[in-house]
>>> print(open('run-v4.pdb').read())   # PDB, C-alpha atoms
ATOM      1  CA  MET A   1     -95.361 -89.885 -73.142
ATOM      2  CA  ALA A   2     -95.526 -88.008 -69.840
ATOM      3  CA  ARG A   3     -92.814 -85.394 -69.394
ATOM      4  CA  LEU A   4     -90.746 -85.165 -66.251
ATOM      5  CA  THR A   5     -91.137 -81.973 -64.225
ATOM      6  CA  LEU A   6     -88.816 -81.005 -61.387
ATOM      7  CA  HIS A   7     -89.673 -78.383 -58.747
ATOM      8  CA  PHE A   8     -87.553 -77.809 -55.666
ATOM      9  CA  PRO A   9     -87.936 -75.739 -52.483
ATOM     10  CA  GLU A  10     -86.222 -72.375 -52.910
ATOM     11  CA  ASP A  11     -84.950 -72.344 -49.325
ATOM     12  CA  GLN A  12     -83.026 -75.605 -49.676
ATOM     13  CA  TYR A  13     -80.167 -74.455 -51.929
ATOM     14  CA  TYR A  14     -77.069 -74.444 -49.716
ATOM     15  CA  TYR A  15     -74.196 -74.130 -52.183
ATOM     16  CA  SER A  16     -73.340 -72.726 -55.600
ATOM     17  CA  THR A  17     -70.410 -73.092 -57.964
ATOM     18  CA  LEU A  18     -69.508 -71.897 -61.456
ATOM     19  CA  LEU A  19     -68.419 -74.301 -64.195
ATOM     20  CA  THR A  20     -67.420 -73.368 -67.740
ATOM     21  CA  VAL A  21     -68.638 -75.324 -70.763
ATOM     22  CA  ARG A  22     -65.564 -76.603 -72.577
ATOM     23  CA  VAL A  23     -65.274 -77.011 -76.348
ATOM     24  CA  THR A  24     -65.022 -80.774 -75.732
ATOM     25  CA  ASP A  25     -68.461 -80.663 -74.009
ATOM     26  CA  ILE A  26     -70.182 -79.691 -77.262
ATOM     27  CA  ASN A  27     -72.062 -82.347 -79.256
ATOM     28  CA  SER A  28     -72.828 -82.643 -82.978
ATOM     29  CA  ALA A  29     -75.818 -80.299 -82.566
ATOM     30  CA  ASN A  30     -73.347 -77.591 -81.435
ATOM     31  CA  HIS A  31     -74.546 -77.335 -77.819
ATOM     32  CA  LEU A  32     -73.733 -78.856 -74.439
ATOM     33  CA  GLY A  33     -74.213 -82.621 -74.694
ATOM     34  CA  ASN A  34     -76.173 -84.737 -72.222
ATOM     35  CA  ASP A  35     -73.102 -86.758 -71.250
ATOM     36  CA  SER A  36     -71.148 -83.605 -70.465
ATOM     37  CA  MET A  37     -74.030 -82.132 -68.468
ATOM     38  CA  ILE A  38     -74.053 -85.286 -66.329
ATOM     39  CA  SER A  39     -70.306 -84.864 -65.753
ATOM     40  CA  MET A  40     -70.816 -81.226 -64.762
ATOM     41  CA  ILE A  41     -73.629 -82.188 -62.366
ATOM     42  CA  SER A  42     -71.308 -84.794 -60.838
ATOM     43  CA  GLU A  43     -68.571 -82.186 -60.388
ATOM     44  CA  ALA A  44     -71.009 -79.751 -58.740
ATOM     45  CA  ARG A  45     -72.217 -82.555 -56.436
ATOM     46  CA  ALA A  46     -68.634 -83.464 -55.475
ATOM     47  CA  ARG A  47     -67.812 -79.820 -54.679
ATOM     48  CA  PHE A  48     -70.979 -79.503 -52.577
ATOM     49  CA  MET A  49     -70.239 -82.676 -50.619
ATOM     50  CA  PHE A  50     -66.616 -81.653 -50.048
ATOM     51  CA  GLU A  51     -67.732 -78.211 -48.821
ATOM     52  CA  PHE A  52     -70.045 -79.822 -46.243
ATOM     53  CA  GLY A  53     -67.622 -82.577 -45.204
ATOM     54  CA  ILE A  54     -69.679 -85.444 -46.601
ATOM     55  CA  GLY A  55     -67.400 -88.207 -47.840
ATOM     56  CA  GLU A  56     -68.198 -89.933 -51.101
ATOM     57  CA  THR A  57     -65.937 -92.909 -50.356
ATOM     58  CA  LYS A  58     -64.135 -93.700 -47.158
ATOM     59  CA  GLY A  59     -62.062 -96.611 -45.928
ATOM     60  CA  VAL A  60     -63.698 -96.377 -42.496
ATOM     61  CA  GLY A  61     -67.249 -95.232 -41.870
ATOM     62  CA  PRO A  62     -69.900 -94.218 -44.367
ATOM     63  CA  GLY A  63     -69.463 -92.819 -47.838
ATOM     64  CA  THR A  64     -72.204 -92.261 -50.399
ATOM     65  CA  ILE A  65     -73.522 -93.913 -53.517
ATOM     66  CA  ILE A  66     -75.567 -92.126 -56.174
ATOM     67  CA  THR A  67     -78.719 -94.154 -56.868
ATOM     68  CA  ASP A  68     -80.369 -92.237 -59.710
ATOM     69  CA  LEU A  69     -80.412 -89.021 -61.714
ATOM     70  CA  ALA A  70     -83.266 -87.127 -63.364
ATOM     71  CA  THR A  71     -82.571 -84.102 -65.558
ATOM     72  CA  THR A  72     -84.810 -81.716 -67.465
ATOM     73  CA  TYR A  73     -83.305 -79.414 -70.079
ATOM     74  CA  LYS A  74     -84.749 -75.935 -70.564
ATOM     75  CA  SER A  75     -82.222 -74.110 -72.797
ATOM     76  CA  GLU A  76     -79.057 -74.802 -74.745
ATOM     77  CA  ALA A  77     -75.608 -73.954 -73.455
ATOM     78  CA  HIS A  78     -72.597 -73.431 -75.699
ATOM     79  CA  ALA A  79     -68.814 -73.508 -75.523
ATOM     80  CA  ARG A  80     -67.313 -71.033 -73.052
ATOM     81  CA  ASP A  81     -70.661 -70.355 -71.326
ATOM     82  CA  GLN A  82     -70.252 -70.041 -67.589
ATOM     83  CA  LEU A  83     -72.979 -71.978 -65.782
ATOM     84  CA  LEU A  84     -74.063 -71.492 -62.197
ATOM     85  CA  PHE A  85     -74.891 -74.735 -60.383
ATOM     86  CA  GLU A  86     -77.029 -74.140 -57.294
ATOM     87  CA  VAL A  87     -77.047 -77.267 -55.152
ATOM     88  CA  GLY A  88     -79.491 -78.271 -52.437
ATOM     89  CA  VAL A  89     -80.938 -81.238 -50.602
ATOM     90  CA  MET A  90     -84.444 -82.514 -49.913
ATOM     91  CA  ASP A  91     -86.478 -85.616 -49.098
ATOM     92  CA  PHE A  92     -84.163 -87.091 -46.476
ATOM     93  CA  ASN A  93     -84.855 -90.602 -45.232
ATOM     94  CA  LYS A  94     -83.092 -93.009 -42.872
ATOM     95  CA  TYR A  95     -80.496 -93.948 -45.514
ATOM     96  CA  GLY A  96     -80.074 -90.863 -47.731
ATOM     97  CA  GLY A  97     -82.060 -88.361 -49.761
ATOM     98  CA  ASP A  98     -81.983 -86.229 -52.892
ATOM     99  CA  ILE A  99     -79.469 -83.654 -54.069
ATOM    100  CA  THR A 100     -81.057 -80.964 -56.240
ATOM    101  CA  PHE A 101     -79.533 -78.771 -58.922
ATOM    102  CA  ARG A 102     -80.666 -75.583 -60.635
ATOM    103  CA  ILE A 103     -78.358 -74.728 -63.525
ATOM    104  CA  THR A 104     -78.494 -71.217 -64.977
ATOM    105  CA  ARG A 105     -76.377 -69.026 -67.231
ATOM    106  CA  PRO A 106     -75.638 -65.858 -65.216
ATOM    107  CA  SER A 107     -74.880 -63.735 -68.308
ATOM    108  CA  ASP A 108     -78.563 -63.742 -69.312
ATOM    109  CA  GLN A 109     -80.225 -65.387 -66.260
ATOM    110  CA  ARG A 110     -81.429 -68.218 -68.507
ATOM    111  CA  LEU A 111     -82.477 -71.495 -66.867
ATOM    112  CA  ILE A 112     -80.473 -74.251 -68.567
ATOM    113  CA  ALA A 113     -81.523 -77.348 -66.628
ATOM    114  CA  MET A 114     -82.925 -78.786 -63.413
ATOM    115  CA  ALA A 115     -81.714 -82.072 -61.959
ATOM    116  CA  LYS A 116     -82.240 -84.323 -58.976
ATOM    117  CA  SER A 117     -79.892 -87.080 -57.853
ATOM    118  CA  GLY A 118     -80.723 -89.695 -55.220
ATOM    119  CA  PHE A 119     -78.042 -90.840 -52.784
ATOM    120  CA  ILE A 120     -77.634 -93.323 -49.972
ATOM    121  CA  PHE A 121     -75.001 -93.780 -47.294
ATOM    122  CA  TYR A 122     -72.873 -96.861 -47.674
ATOM    123  CA  ASP A 123     -70.334 -98.459 -45.364
ATOM    124  CA  TYR A 124     -67.614 -99.537 -47.799
ATOM    125  CA  ALA A 125     -65.734-101.548 -45.142
ATOM    126  CA  LYS A 126     -68.831-103.627 -44.380
ATOM    127  CA  ALA A 127     -70.196-103.488 -47.953
ATOM    128  CA  GLU A 128     -73.691-102.482 -46.808
ATOM    129  CA  VAL A 129     -76.146 -99.599 -46.806
ATOM    130  CA  THR A 130     -76.038 -97.672 -43.541
ATOM    131  CA  SER A 131     -78.039 -94.953 -41.798
ATOM    132  CA  MET A 132     -77.448 -91.275 -42.453
ATOM    133  CA  PRO A 133     -74.828 -89.995 -39.995
ATOM    134  CA  ASP A 134     -76.000 -87.501 -37.371
ATOM    135  CA  TYR A 135     -73.490 -84.886 -38.545
ATOM    136  CA  VAL A 136     -75.210 -84.767 -41.970
ATOM    137  CA  ARG A 137     -78.649 -84.403 -40.397
ATOM    138  CA  GLU A 138     -77.332 -81.555 -38.232
ATOM    139  CA  LYS A 139     -75.899 -79.622 -41.211
ATOM    140  CA  PHE A 140     -79.337 -79.389 -42.873
ATOM    141  CA  PRO A 141     -81.927 -78.947 -40.109
ATOM    142  CA  LYS A 142     -84.647 -77.481 -42.384
ATOM    143  CA  VAL A 143     -84.714 -80.401 -44.858
ATOM    144  CA  ASN A 144     -87.967 -82.369 -45.032
ATOM    145  CA  TRP A 145     -87.986 -86.041 -44.028
ATOM    146  CA  LEU A 146     -89.824 -88.879 -45.737
ATOM    147  CA  THR A 147     -90.927 -91.820 -43.640
TER
END
>>> encode(input="run-v4.pdb", output="structure tokens")
Amino acid sequence: MARLTLHFPEDQYYYSTLLTVRVTDINSANHLGNDSMISMISEARARFMFEFGIGETKGVGPGTIITDLATTYKSEAHARDQLLFEVGVMDFNKYGGDITFRITRPSDQRLIAMAKSGFIFYDYAKAEVTSMPDYVREKFPKVNWLT
């Protein structure tokens, strides 16, 4: 089976946040479980979007919908580890793009995981996919565009 590899442009990380692995995030193998990592990635994404004023759901105008998630695990994380989530964007298109994540443990500079999450803009009032708002495009002028 082919393995997934994720590589992201270094100049496209715009935000970082620290999250602590909780005891309840640990699985039966005594390390951070996949389900908890997905929750932590979602929290980092929400913080990033809030910081840049990108609504996830709105009554009027566009919000976002996550379309997919790919994650590669490089090292284990354990209870009480602080993890640094560096968040970026790439591969914009008319309707959305990808949010990228590099997750490391600052105490030993160990790479824990890489992840990439697709998103689209969605008009919840009209119940339809909509174009990326200009204000989002303007916040990230160096991001590549796919046609």
>>> residues_around(input="run-v4.pdb", residues="range 115-127 of chain A", least_positions_apart="6", cutoff="12 Å", atoms="only C-alpha atoms", output="PyMOL selection string")
chain A and resi 4-8+34+37-38+40-42+44-45+49+54-74+85-104+133-134+136
>>> closest_residue(input="run-v4.pdb", among="A:Glu51, A:Leu111, A:Asp81, A:Thr130", to="Ile26 in chain A", atoms="only C-alpha atoms")
A:Asp81
>>> residues_around(input="run-v4.pdb", residues="Val23 in chain A", least_positions_apart="4", cutoff="10 Å", atoms="all atoms listed in the file", output="VMD selection string")
chain A and resid 27 30 to 32 78 to 81
>>> write_last_selection(input="run-v4.pdb", atoms="C-alpha atoms", output="PDB file, keeping the file's coordinate frame")
ATOM      1  CA  ASN A  27     -72.062 -82.347 -79.256  1.00  0.00           C
ATOM      2  CA  ASN A  30     -73.347 -77.591 -81.435  1.00  0.00           C
ATOM      3  CA  HIS A  31     -74.546 -77.335 -77.819  1.00  0.00           C
ATOM      4  CA  LEU A  32     -73.733 -78.856 -74.439  1.00  0.00           C
ATOM      5  CA  HIS A  78     -72.597 -73.431 -75.699  1.00  0.00           C
ATOM      6  CA  ALA A  79     -68.814 -73.508 -75.523  1.00  0.00           C
ATOM      7  CA  ARG A  80     -67.313 -71.033 -73.052  1.00  0.00           C
ATOM      8  CA  ASP A  81     -70.661 -70.355 -71.326  1.00  0.00           C
TER       9      ASP A  81
END
>>> closest_residue(input="run-v4.pdb", among="A:Tyr13, A:Arg3, A:Ala113, A:Thr24", to="Val143 in chain A", atoms="only C-alpha atoms")
A:Tyr13
>>> atom_distance(input="run-v4.pdb", atom1="CA of Thr20 in chain A", atom2="CA of Phe48 in chain A")
16.7 Å
>>> residues_around(input="run-v4.pdb", residues="Arg105 in chain A", least_positions_apart="6", cutoff="7 Å", atoms="all atoms listed in the file", output="short mmCIF file (atom, residue, chain, number, x, y, z; two decimals) with C-alpha atoms, keeping the file's coordinate frame")
data_model
loop_
_atom_site.label_atom_id
_atom_site.label_comp_id
_atom_site.auth_asym_id
_atom_site.auth_seq_id
_atom_site.Cartn_x
_atom_site.Cartn_y
_atom_site.Cartn_z
CA GLN A 82 -70.25 -70.04 -67.59
CA LEU A 83 -72.98 -71.98 -65.78
CA LEU A 84 -74.06 -71.49 -62.20
CA LEU A 111 -82.48 -71.50 -66.87
CA ILE A 112 -80.47 -74.25 -68.57
#
>>> atom_distance(input="run-v4.pdb", atom1="CA of Leu146 in chain A", atom2="CA of Ser39 in chain A")
28.2 Å
>>> closest_residue(input="run-v4.pdb", among="A:Lys142, A:Arg137, A:Glu43, A:Ala77", to="Asp11 in chain A", atoms="all atoms listed in the file")
A:Lys142
>>> atom_distance(input="run-v4.pdb", atom1="CA of Ser16 in chain A", atom2="CA of Phe50 in chain A")
12.5 Å
>>> closest_residue(input="run-v4.pdb", among="A:Thr17, A:Met132, A:Arg110, A:Glu76", to="Trp145 in chain A", atoms="all atoms listed in the file")
A:Met132
>>> residues_around(input="run-v4.pdb", residues="Phe52 in chain A", least_positions_apart="5", cutoff="10 Å", atoms="only C-alpha atoms", output="MDAnalysis selection string")
chainID A and resid 14:15 47 135:136 139:140
